[in-house]
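Undergrad: Dumping the structure here so I can ask a few things about it.
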Amino acid sequence: MGAYSLHYQFAVGRPAKPVESVSLKLLFQRYGDLLWEPGSHKYNVTAFIYELHTLLVTPEFSVFTDEMLDSLIASLRKRGNGNATINRKMAALSKLLRKAFKMGEIHSLPEFRRQKEKSGRIRFLEYDEEDRLFAAIERHSELFHRFCVFLVDTGARLGEAISLRWNDINDDRVTFWVTKSGRSRSVPLTSRAALSVARRPQQIGPFVTIDQQQFRAVWNQAKMEVGLATDNDVVPHVLRHTCASRLVRGGIDIRRVQMWLGHQTLQMTMRYAHLASHDLDVCVPILERHK
């Protein structure tokens, strides 16, 4: 098991003061709303922090020790968490502890080192899979069907699309203001994406009434109906992967794909670079042996 390395940092020039024991649950109640905006990401972070709280052998602490961190990593691994999942949970923990240290809630601040992540296979939908899945979803809900069309043609995250307001949609373009990176972005709409948001009911946005749990339930039911129930990678986020994959396979350069998806770093977009295999076709004539 590869554990995180831990280095303690102490405030320079700040006099030591008595620190009462706290817990992760208490710290999150104090600072969660300050550190994370409402949305699906905060929902996940809440689950992460509360899970880590329950896994700590000693829930209350004034310093976070190597032993405590090692125990958390070991417990997460026993639960089947891979390095990528552990990194996401440790990122939330690190952010919360940094805030607690800054506010004088704990004596010292641990420095986390990311676990090495393997580059896994990226699942995306082929056109026939999309047609079958979307048709099944439409039989359950016309709203959810329009939602899926919008997601796959814009590459938006679920929370970004649900947070849309009518003023964010102008002519053939949509602007996402509530994003994971905190940076807004605008993308043009395909004709069918524009149709998916053409109806303007009394709500303040096209998808604000969507409950993510209900949507996921319909998604899973549709998966079962079209024979994809056993494919664990076919989750709603696969629509974002599908959008990115189609852009790359269609010859769009990685920089533009990065801008379209709103990735903070090019490294995140490079996961799709291998799909641009047509760029290598010019190499074949050079390697061909001529008799």
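Residue numbering restarts at 1 in every chain; chains get A, B, ... in the order shown in the structure tokens, and ligands count up from 1 in that same order.
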Can you tell me, as a list in words, what residues are no more than 10 Å from Ala229 (chain A) when counting only C-alpha atoms, ignoring any on the same chain fewer than 6 positions away?
TA: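 Everything that qualifies: Trp219, Asn220, Gln221, Ala222 and Lys223 of chain A.
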Undergrad: As a list in words, please: the residues near Arg173 (chain A) (cut-off 6 Å, only C-alpha atoms, same-chain neighbours under 6 positions excluded).
TA: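 The filter keeps Val187, Pro188 and Leu189 of chain A.
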Undergrad: Can you pull out every residue within 7 Å of Ser186 (chain A), counting only C-alpha atoms, but drop anything in the same chain fewer than 6 positions away, and send it as an NGL selection string?
TA: :A and (173-176)
Undergrad: Mind running region 124-213 of chain A against region 38-43 of chain A at 10 Å and telling me each contacting residue's nearest atom pair with the distance in Å (one decimal), counting only C-alpha atoms, chain and number ascending, as a Markdown table?
TA:
```
| residue | atom | partner | partner_atom | distance |
| --- | --- | --- | --- | --- |
| A:Arg157 | CA | A:Ser40 | CA | 9.6 |
| A:Leu158 | CA | A:Ser40 | CA | 8.1 |
| A:Gly159 | CA | A:Ser40 | CA | 6.0 |
| A:Glu160 | CA | A:Gly39 | CA | 8.9 |
| A:Ile162 | CA | A:Gly39 | CA | 9.5 |
| A:Ser163 | CA | A:Gly39 | CA | 8.7 |
| A:Val178 | CA | A:Gly39 | CA | 8.9 |
| A:Thr179 | CA | A:Gly39 | CA | 9.6 |
| A:Lys180 | CA | A:His41 | CA | 7.4 |
| A:Gln212 | CA | A:Ser40 | CA | 8.8 |
```
Undergrad: Generate a file of the selected residues that holds N, CA, C and O atoms, formatted as a PDB file, in the first residue's frame.
TA:
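In the end it all went to again22.pdb:
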```
ATOM      1  N   ARG A 157     -21.526  19.236 -17.867  1.00  0.00           N
ATOM      2  CA  ARG A 157     -21.747  18.391 -16.701  1.00  0.00           C
ATOM      3  C   ARG A 157     -23.216  18.526 -16.286  1.00  0.00           C
ATOM      4  O   ARG A 157     -23.879  19.508 -16.606  1.00  0.00           O
ATOM      5  N   LEU A 158     -23.716  17.537 -15.544  1.00  0.00           N
ATOM      6  CA  LEU A 158     -25.117  17.562 -15.147  1.00  0.00           C
ATOM      7  C   LEU A 158     -25.449  18.835 -14.378  1.00  0.00           C
ATOM      8  O   LEU A 158     -26.444  19.513 -14.671  1.00  0.00           O
ATOM      9  N   GLY A 159     -24.608  19.175 -13.406  1.00  0.00           N
ATOM     10  CA  GLY A 159     -24.869  20.354 -12.587  1.00  0.00           C
ATOM     11  C   GLY A 159     -24.840  21.641 -13.388  1.00  0.00           C
ATOM     12  O   GLY A 159     -25.612  22.568 -13.113  1.00  0.00           O
ATOM     13  N   GLU A 160     -23.961  21.709 -14.384  1.00  0.00           N
ATOM     14  CA  GLU A 160     -23.872  22.903 -15.227  1.00  0.00           C
ATOM     15  C   GLU A 160     -25.160  23.102 -16.014  1.00  0.00           C
ATOM     16  O   GLU A 160     -25.659  24.224 -16.147  1.00  0.00           O
ATOM     17  N   ILE A 162     -28.209  21.793 -15.333  1.00  0.00           N
ATOM     18  CA  ILE A 162     -29.349  22.029 -14.442  1.00  0.00           C
ATOM     19  C   ILE A 162     -29.353  23.462 -13.941  1.00  0.00           C
ATOM     20  O   ILE A 162     -30.414  24.062 -13.723  1.00  0.00           O
ATOM     21  N   SER A 163     -28.173  24.052 -13.763  1.00  0.00           N
ATOM     22  CA  SER A 163     -28.064  25.418 -13.239  1.00  0.00           C
ATOM     23  C   SER A 163     -28.346  26.487 -14.286  1.00  0.00           C
ATOM     24  O   SER A 163     -28.394  27.675 -13.956  1.00  0.00           O
ATOM     25  N   VAL A 178     -22.059  28.471 -13.770  1.00  0.00           N
ATOM     26  CA  VAL A 178     -21.796  27.637 -12.592  1.00  0.00           C
ATOM     27  C   VAL A 178     -21.034  26.407 -13.049  1.00  0.00           C
ATOM     28  O   VAL A 178     -21.612  25.440 -13.552  1.00  0.00           O
ATOM     29  N   THR A 179     -19.704  26.435 -12.927  1.00  0.00           N
ATOM     30  CA  THR A 179     -18.852  25.354 -13.414  1.00  0.00           C
ATOM     31  C   THR A 179     -17.972  24.809 -12.303  1.00  0.00           C
ATOM     32  O   THR A 179     -17.773  25.450 -11.276  1.00  0.00           O
ATOM     33  N   LYS A 180     -17.435  23.626 -12.539  1.00  0.00           N
ATOM     34  CA  LYS A 180     -16.571  22.983 -11.555  1.00  0.00           C
ATOM     35  C   LYS A 180     -15.296  23.783 -11.337  1.00  0.00           C
ATOM     36  O   LYS A 180     -14.775  23.880 -10.224  1.00  0.00           O
ATOM     37  N   GLN A 212     -31.602  14.953  -9.853  1.00  0.00           N
ATOM     38  CA  GLN A 212     -30.556  14.062 -10.361  1.00  0.00           C
ATOM     39  C   GLN A 212     -30.805  12.609 -10.004  1.00  0.00           C
ATOM     40  O   GLN A 212     -30.510  11.706 -10.795  1.00  0.00           O
TER      41      GLN A 212
END
```
Undergrad: Please identify which residues in region 60-277 of chain A DSSP calls strand (DSSP E) from the backbone, and express them as a list in words.
TA: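 So the strand (DSSP E) residues in region 60-277 of chain A would be Glu60, Phe61, Leu109, Pro110, Ile169, Asn170, Arg173, Val174, Thr175, Phe176, Arg185, Ser186, Val187 and Pro188 of chain A.
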Undergrad: For the atom pair CA of Met68 (chain A) and CA of Ser23 (chain A), what is the interatomic distance in Å to one decimal place?
TA: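 Straight-line distance from CA of Met68 (chain A) to CA of Ser23 (chain A) works out to 12.4 Å.
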Undergrad: Please indicate the distance in Å from CA of Leu247 (chain A) to CA of Phe147 (chain A), rounded to one decimal place.
TA: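 Interatomic distance, CA of Leu247 (chain A) to CA of Phe147 (chain A): 19.7 Å.
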Undergrad: Record the distance separating CA of Leu125 (chain A) and CA of Thr154 (chain A), expressed in Å with one decimal.
TA: 14.6 Å
Undergrad: Any idea what's packed within 12 Å of Ala91 (chain A), counting only C-alpha atoms, ignoring anything in its chain fewer than 5 positions away? Could you give it as an MDAnalysis selection string?
TA: chainID A and resid 4 44:45 48:49 83:86 96:98 110:115
Undergrad: Those residues you just picked out, can you put them in a file as a short mmCIF file (atom, residue, chain, number, x, y, z; two decimals), in the first residue's frame with all heavy atoms?
TA:
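Once everything was written out, this is selection.cif:
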```cif
data_model
loop_
_atom_site.label_atom_id
_atom_site.label_comp_id
_atom_site.auth_asym_id
_atom_site.auth_seq_id
_atom_site.Cartn_x
_atom_site.Cartn_y
_atom_site.Cartn_z
N TYR A 4 0.26 8.17 1.74
CA TYR A 4 0.61 9.55 1.51
C TYR A 4 1.76 9.93 2.43
O TYR A 4 1.81 9.53 3.59
CB TYR A 4 -0.57 10.47 1.83
CG TYR A 4 -1.60 10.55 0.74
CD1 TYR A 4 -2.52 9.54 0.56
CD2 TYR A 4 -1.63 11.63 -0.12
CE1 TYR A 4 -3.47 9.62 -0.45
CE2 TYR A 4 -2.57 11.73 -1.12
CZ TYR A 4 -3.48 10.72 -1.28
OH TYR A 4 -4.41 10.80 -2.26
N ASN A 44 -21.01 15.51 -3.39
CA ASN A 44 -20.01 14.44 -3.32
C ASN A 44 -19.02 14.68 -2.18
O ASN A 44 -18.65 13.75 -1.46
CB ASN A 44 -19.25 14.34 -4.65
CG ASN A 44 -20.13 13.83 -5.77
OD1 ASN A 44 -21.10 13.12 -5.54
ND2 ASN A 44 -19.81 14.21 -6.99
N VAL A 45 -18.58 15.94 -2.03
CA VAL A 45 -17.63 16.27 -0.97
C VAL A 45 -18.23 15.98 0.40
O VAL A 45 -17.55 15.46 1.30
CB VAL A 45 -17.20 17.75 -1.07
CG1 VAL A 45 -16.47 18.19 0.19
CG2 VAL A 45 -16.31 17.96 -2.29
N PHE A 48 -17.91 12.41 1.01
CA PHE A 48 -16.51 12.06 1.28
C PHE A 48 -16.12 12.37 2.72
O PHE A 48 -15.57 11.51 3.43
CB PHE A 48 -15.57 12.85 0.35
CG PHE A 48 -15.68 12.50 -1.10
CD1 PHE A 48 -15.16 13.35 -2.08
CD2 PHE A 48 -16.30 11.33 -1.52
CE1 PHE A 48 -15.25 13.03 -3.42
CE2 PHE A 48 -16.40 11.01 -2.86
CZ PHE A 48 -15.88 11.87 -3.81
N ILE A 49 -16.41 13.60 3.18
CA ILE A 49 -15.99 14.02 4.51
C ILE A 49 -16.69 13.20 5.59
O ILE A 49 -16.05 12.77 6.57
CB ILE A 49 -16.25 15.52 4.72
CG1 ILE A 49 -15.40 16.35 3.73
CG2 ILE A 49 -15.96 15.93 6.16
CD1 ILE A 49 -13.91 16.19 3.89
N ASN A 83 -6.95 4.38 -6.58
CA ASN A 83 -6.15 5.59 -6.34
C ASN A 83 -6.86 6.87 -6.74
O ASN A 83 -6.75 7.90 -6.07
CB ASN A 83 -4.81 5.49 -7.07
CG ASN A 83 -3.85 4.55 -6.38
OD1 ASN A 83 -4.13 4.05 -5.29
ND2 ASN A 83 -2.71 4.30 -6.99
N ALA A 84 -7.59 6.83 -7.87
CA ALA A 84 -8.28 8.04 -8.33
C ALA A 84 -9.35 8.47 -7.32
O ALA A 84 -9.49 9.65 -7.01
CB ALA A 84 -8.91 7.79 -9.70
N THR A 85 -10.10 7.50 -6.81
CA THR A 85 -11.14 7.82 -5.82
C THR A 85 -10.52 8.32 -4.53
O THR A 85 -11.00 9.29 -3.93
CB THR A 85 -12.00 6.57 -5.55
OG1 THR A 85 -12.58 6.12 -6.77
CG2 THR A 85 -13.11 6.88 -4.56
N ILE A 86 -9.44 7.67 -4.10
CA ILE A 86 -8.76 8.10 -2.88
C ILE A 86 -8.23 9.52 -3.05
O ILE A 86 -8.33 10.35 -2.14
CB ILE A 86 -7.62 7.13 -2.53
CG1 ILE A 86 -8.21 5.79 -2.07
CG2 ILE A 86 -6.72 7.71 -1.44
CD1 ILE A 86 -7.18 4.71 -1.83
N LEU A 96 -10.25 21.02 3.52
CA LEU A 96 -10.90 21.29 4.79
C LEU A 96 -9.88 21.51 5.90
O LEU A 96 -10.02 22.44 6.72
CB LEU A 96 -11.83 20.13 5.15
CG LEU A 96 -12.65 20.29 6.44
CD1 LEU A 96 -13.59 21.49 6.32
CD2 LEU A 96 -13.45 19.01 6.71
N LEU A 97 -8.82 20.69 5.93
CA LEU A 97 -7.80 20.84 6.97
C LEU A 97 -7.00 22.12 6.81
O LEU A 97 -6.59 22.73 7.80
CB LEU A 97 -6.87 19.62 6.98
CG LEU A 97 -7.49 18.29 7.42
CD1 LEU A 97 -6.45 17.18 7.39
CD2 LEU A 97 -8.11 18.40 8.81
N ARG A 98 -6.76 22.54 5.56
CA ARG A 98 -6.05 23.80 5.34
C ARG A 98 -6.84 24.98 5.92
O ARG A 98 -6.27 25.89 6.52
CB ARG A 98 -5.79 24.04 3.85
CG ARG A 98 -4.73 23.14 3.25
CD ARG A 98 -4.16 23.72 1.96
NE ARG A 98 -5.18 24.12 1.02
CZ ARG A 98 -5.70 23.33 0.09
NH1 ARG A 98 -5.28 22.07 0.00
NH2 ARG A 98 -6.62 23.77 -0.75
N PRO A 110 -1.04 18.84 7.58
CA PRO A 110 -0.35 17.80 6.80
C PRO A 110 -0.29 18.16 5.32
O PRO A 110 -1.20 18.79 4.79
CB PRO A 110 -1.21 16.56 7.03
CG PRO A 110 -2.56 17.09 7.31
CD PRO A 110 -2.39 18.41 7.99
N GLU A 111 0.78 17.76 4.68
CA GLU A 111 0.92 17.98 3.23
C GLU A 111 0.72 16.65 2.53
O GLU A 111 1.47 15.70 2.74
CB GLU A 111 2.30 18.53 2.90
CG GLU A 111 2.51 18.81 1.43
CD GLU A 111 3.90 19.34 1.13
OE1 GLU A 111 4.58 19.77 2.09
OE2 GLU A 111 4.31 19.31 -0.03
N PHE A 112 -0.27 16.58 1.69
CA PHE A 112 -0.62 15.33 1.03
C PHE A 112 0.13 15.15 -0.28
O PHE A 112 0.42 16.12 -0.97
CB PHE A 112 -2.12 15.30 0.74
CG PHE A 112 -2.98 15.33 1.97
CD1 PHE A 112 -3.42 16.54 2.51
CD2 PHE A 112 -3.36 14.16 2.59
CE1 PHE A 112 -4.21 16.57 3.63
CE2 PHE A 112 -4.16 14.18 3.72
CZ PHE A 112 -4.58 15.38 4.24
N ARG A 113 0.41 13.92 -0.61
CA ARG A 113 1.02 13.59 -1.90
C ARG A 113 0.08 12.67 -2.65
O ARG A 113 -0.35 11.64 -2.12
CB ARG A 113 2.37 12.91 -1.70
CG ARG A 113 3.09 12.57 -3.00
CD ARG A 113 4.50 12.12 -2.73
NE ARG A 113 5.30 13.18 -2.10
CZ ARG A 113 6.51 12.98 -1.61
NH1 ARG A 113 7.06 11.78 -1.64
NH2 ARG A 113 7.17 13.99 -1.07
N ARG A 114 -0.26 13.03 -3.86
CA ARG A 114 -1.24 12.27 -4.63
C ARG A 114 -0.76 10.86 -4.94
O ARG A 114 0.42 10.63 -5.19
CB ARG A 114 -1.54 12.98 -5.96
CG ARG A 114 -2.39 14.22 -5.80
CD ARG A 114 -2.56 14.92 -7.13
NE ARG A 114 -3.18 14.06 -8.12
CZ ARG A 114 -4.50 13.90 -8.25
NH1 ARG A 114 -5.33 14.52 -7.44
NH2 ARG A 114 -4.99 13.13 -9.20
N GLN A 115 -1.69 9.94 -4.92
CA GLN A 115 -1.43 8.58 -5.36
C GLN A 115 -1.34 8.57 -6.89
O GLN A 115 -2.04 9.33 -7.57
CB GLN A 115 -2.55 7.65 -4.90
CG GLN A 115 -2.68 7.53 -3.39
CD GLN A 115 -1.60 6.65 -2.80
OE1 GLN A 115 -1.47 5.48 -3.17
NE2 GLN A 115 -0.82 7.20 -1.89
#
```
Undergrad: Please determine, counting only C-alpha atoms, which residue among A:Phe207, A:Lys99, A:Glu51, A:Tyr272 has the shortest atom-to-atom distance to Cys243 (chain A).
TA: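 Using only C-alpha atoms, Cys243 (chain A) sits closest to A:Tyr272.
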Undergrad: Could you tell me which of A:Pro236, A:Arg192, A:Met270, A:Ala161 comes closest to Trp177 (chain A) if we count only C-alpha atoms?
TA: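 Closest candidate: A:Ala161.
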Undergrad: Given only C-alpha atoms as the basis, pick out the residue of A:Cys148, A:Ala92, A:Leu287, A:Val226 nearest to Asp128 (chain A).
TA: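 Closest to Asp128 (chain A) of all the choices is A:Val226.
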Undergrad: Excluding Ile73 (chain A) and residues on its chain fewer than 2 positions from it, collect all residues at most 10 Å away from it, counting only C-alpha atoms, and give them as a ChimeraX atom specification.
TA: /A:1-4,52,55,67-71,75-79,81,83,86-87,89-90
Undergrad: Please, could you write that set of residues out with C-alpha atoms as an mmCIF file, in the first residue's frame?
TA:
```
data_model
loop_
_atom_site.group_PDB
_atom_site.id
_atom_site.type_symbol
_atom_site.label_atom_id
_atom_site.label_comp_id
_atom_site.auth_asym_id
_atom_site.auth_seq_id
_atom_site.Cartn_x
_atom_site.Cartn_y
_atom_site.Cartn_z
ATOM 1 C CA MET A 1 0.000 0.000 0.000
ATOM 2 C CA GLY A 2 1.409 3.362 -1.025
ATOM 3 C CA ALA A 3 0.652 5.790 1.774
ATOM 4 C CA TYR A 4 0.615 9.553 1.513
ATOM 5 C CA LEU A 52 -13.798 9.814 6.427
ATOM 6 C CA LEU A 55 -13.586 5.750 9.371
ATOM 7 C CA GLU A 67 -1.181 6.990 11.702
ATOM 8 C CA MET A 68 -4.577 8.608 11.212
ATOM 9 C CA LEU A 69 -3.960 9.173 7.521
ATOM 10 C CA ASP A 70 -2.560 5.670 6.997
ATOM 11 C CA SER A 71 -5.604 4.240 8.735
ATOM 12 C CA SER A 75 -9.861 1.570 5.254
ATOM 13 C CA LEU A 76 -10.663 3.095 1.875
ATOM 14 C CA ARG A 77 -8.667 0.409 0.092
ATOM 15 C CA LYS A 78 -10.549 -2.301 1.994
ATOM 16 C CA ARG A 79 -13.732 -0.738 0.671
ATOM 17 C CA ASN A 81 -11.450 2.469 -3.527
ATOM 18 C CA ASN A 83 -6.149 5.590 -6.336
ATOM 19 C CA ILE A 86 -8.758 8.104 -2.878
ATOM 20 C CA ASN A 87 -7.187 11.193 -4.451
ATOM 21 C CA LYS A 89 -11.405 12.140 -1.129
ATOM 22 C CA MET A 90 -7.980 13.274 0.072
#
```
Undergrad: Per DSSP on the backbone, filter region 57-98 of chain A down to the residues in helix (DSSP H, G or I) and report them as a PyMOL selection string.
TA: chain A and resi 66-78+83-98
Undergrad: Mind dumping the selected residues with C-alpha atoms as a short mmCIF file (atom, residue, chain, number, x, y, z; two decimals), in the first residue's frame?
TA:
```
data_model
loop_
_atom_site.label_atom_id
_atom_site.label_comp_id
_atom_site.auth_asym_id
_atom_site.auth_seq_id
_atom_site.Cartn_x
_atom_site.Cartn_y
_atom_site.Cartn_z
CA ASP A 66 0.60 9.84 9.95
CA GLU A 67 -1.18 6.99 11.70
CA MET A 68 -4.58 8.61 11.21
CA LEU A 69 -3.96 9.17 7.52
CA ASP A 70 -2.56 5.67 7.00
CA SER A 71 -5.60 4.24 8.73
CA LEU A 72 -7.92 6.17 6.43
CA ILE A 73 -6.08 5.03 3.30
CA ALA A 74 -6.14 1.40 4.47
CA SER A 75 -9.86 1.57 5.25
CA LEU A 76 -10.66 3.10 1.88
CA ARG A 77 -8.67 0.41 0.09
CA LYS A 78 -10.55 -2.30 1.99
CA ASN A 83 -6.15 5.59 -6.34
CA ALA A 84 -8.28 8.04 -8.33
CA THR A 85 -11.14 7.82 -5.82
CA ILE A 86 -8.76 8.10 -2.88
CA ASN A 87 -7.19 11.19 -4.45
CA ARG A 88 -10.57 12.88 -4.76
CA LYS A 89 -11.40 12.14 -1.13
CA MET A 90 -7.98 13.27 0.07
CA ALA A 91 -8.31 16.49 -1.95
CA ALA A 92 -11.51 17.31 -0.06
CA LEU A 93 -9.86 16.42 3.25
CA SER A 94 -6.80 18.54 2.46
CA LYS A 95 -8.91 21.57 1.58
CA LEU A 96 -10.90 21.29 4.79
CA LEU A 97 -7.80 20.84 6.97
CA ARG A 98 -6.05 23.80 5.34
#
```
Undergrad: Between A:Ala244, A:Ile106, A:Ala47, A:Val57, single out the one closest to Glu20 (chain A), counting only C-alpha atoms.
TA: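 Closest candidate: A:Ile106.
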Undergrad: Check the smallest atom-to-atom distance from each of A:Thr269, A:Ser108, A:Ser141, A:Ser62 to Val248 (chain A) using only C-alpha atoms, then report the winner.
TA: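 Of A:Thr269, A:Ser108, A:Ser141, A:Ser62, the one nearest Val248 (chain A) is A:Thr269, counting only C-alpha atoms.
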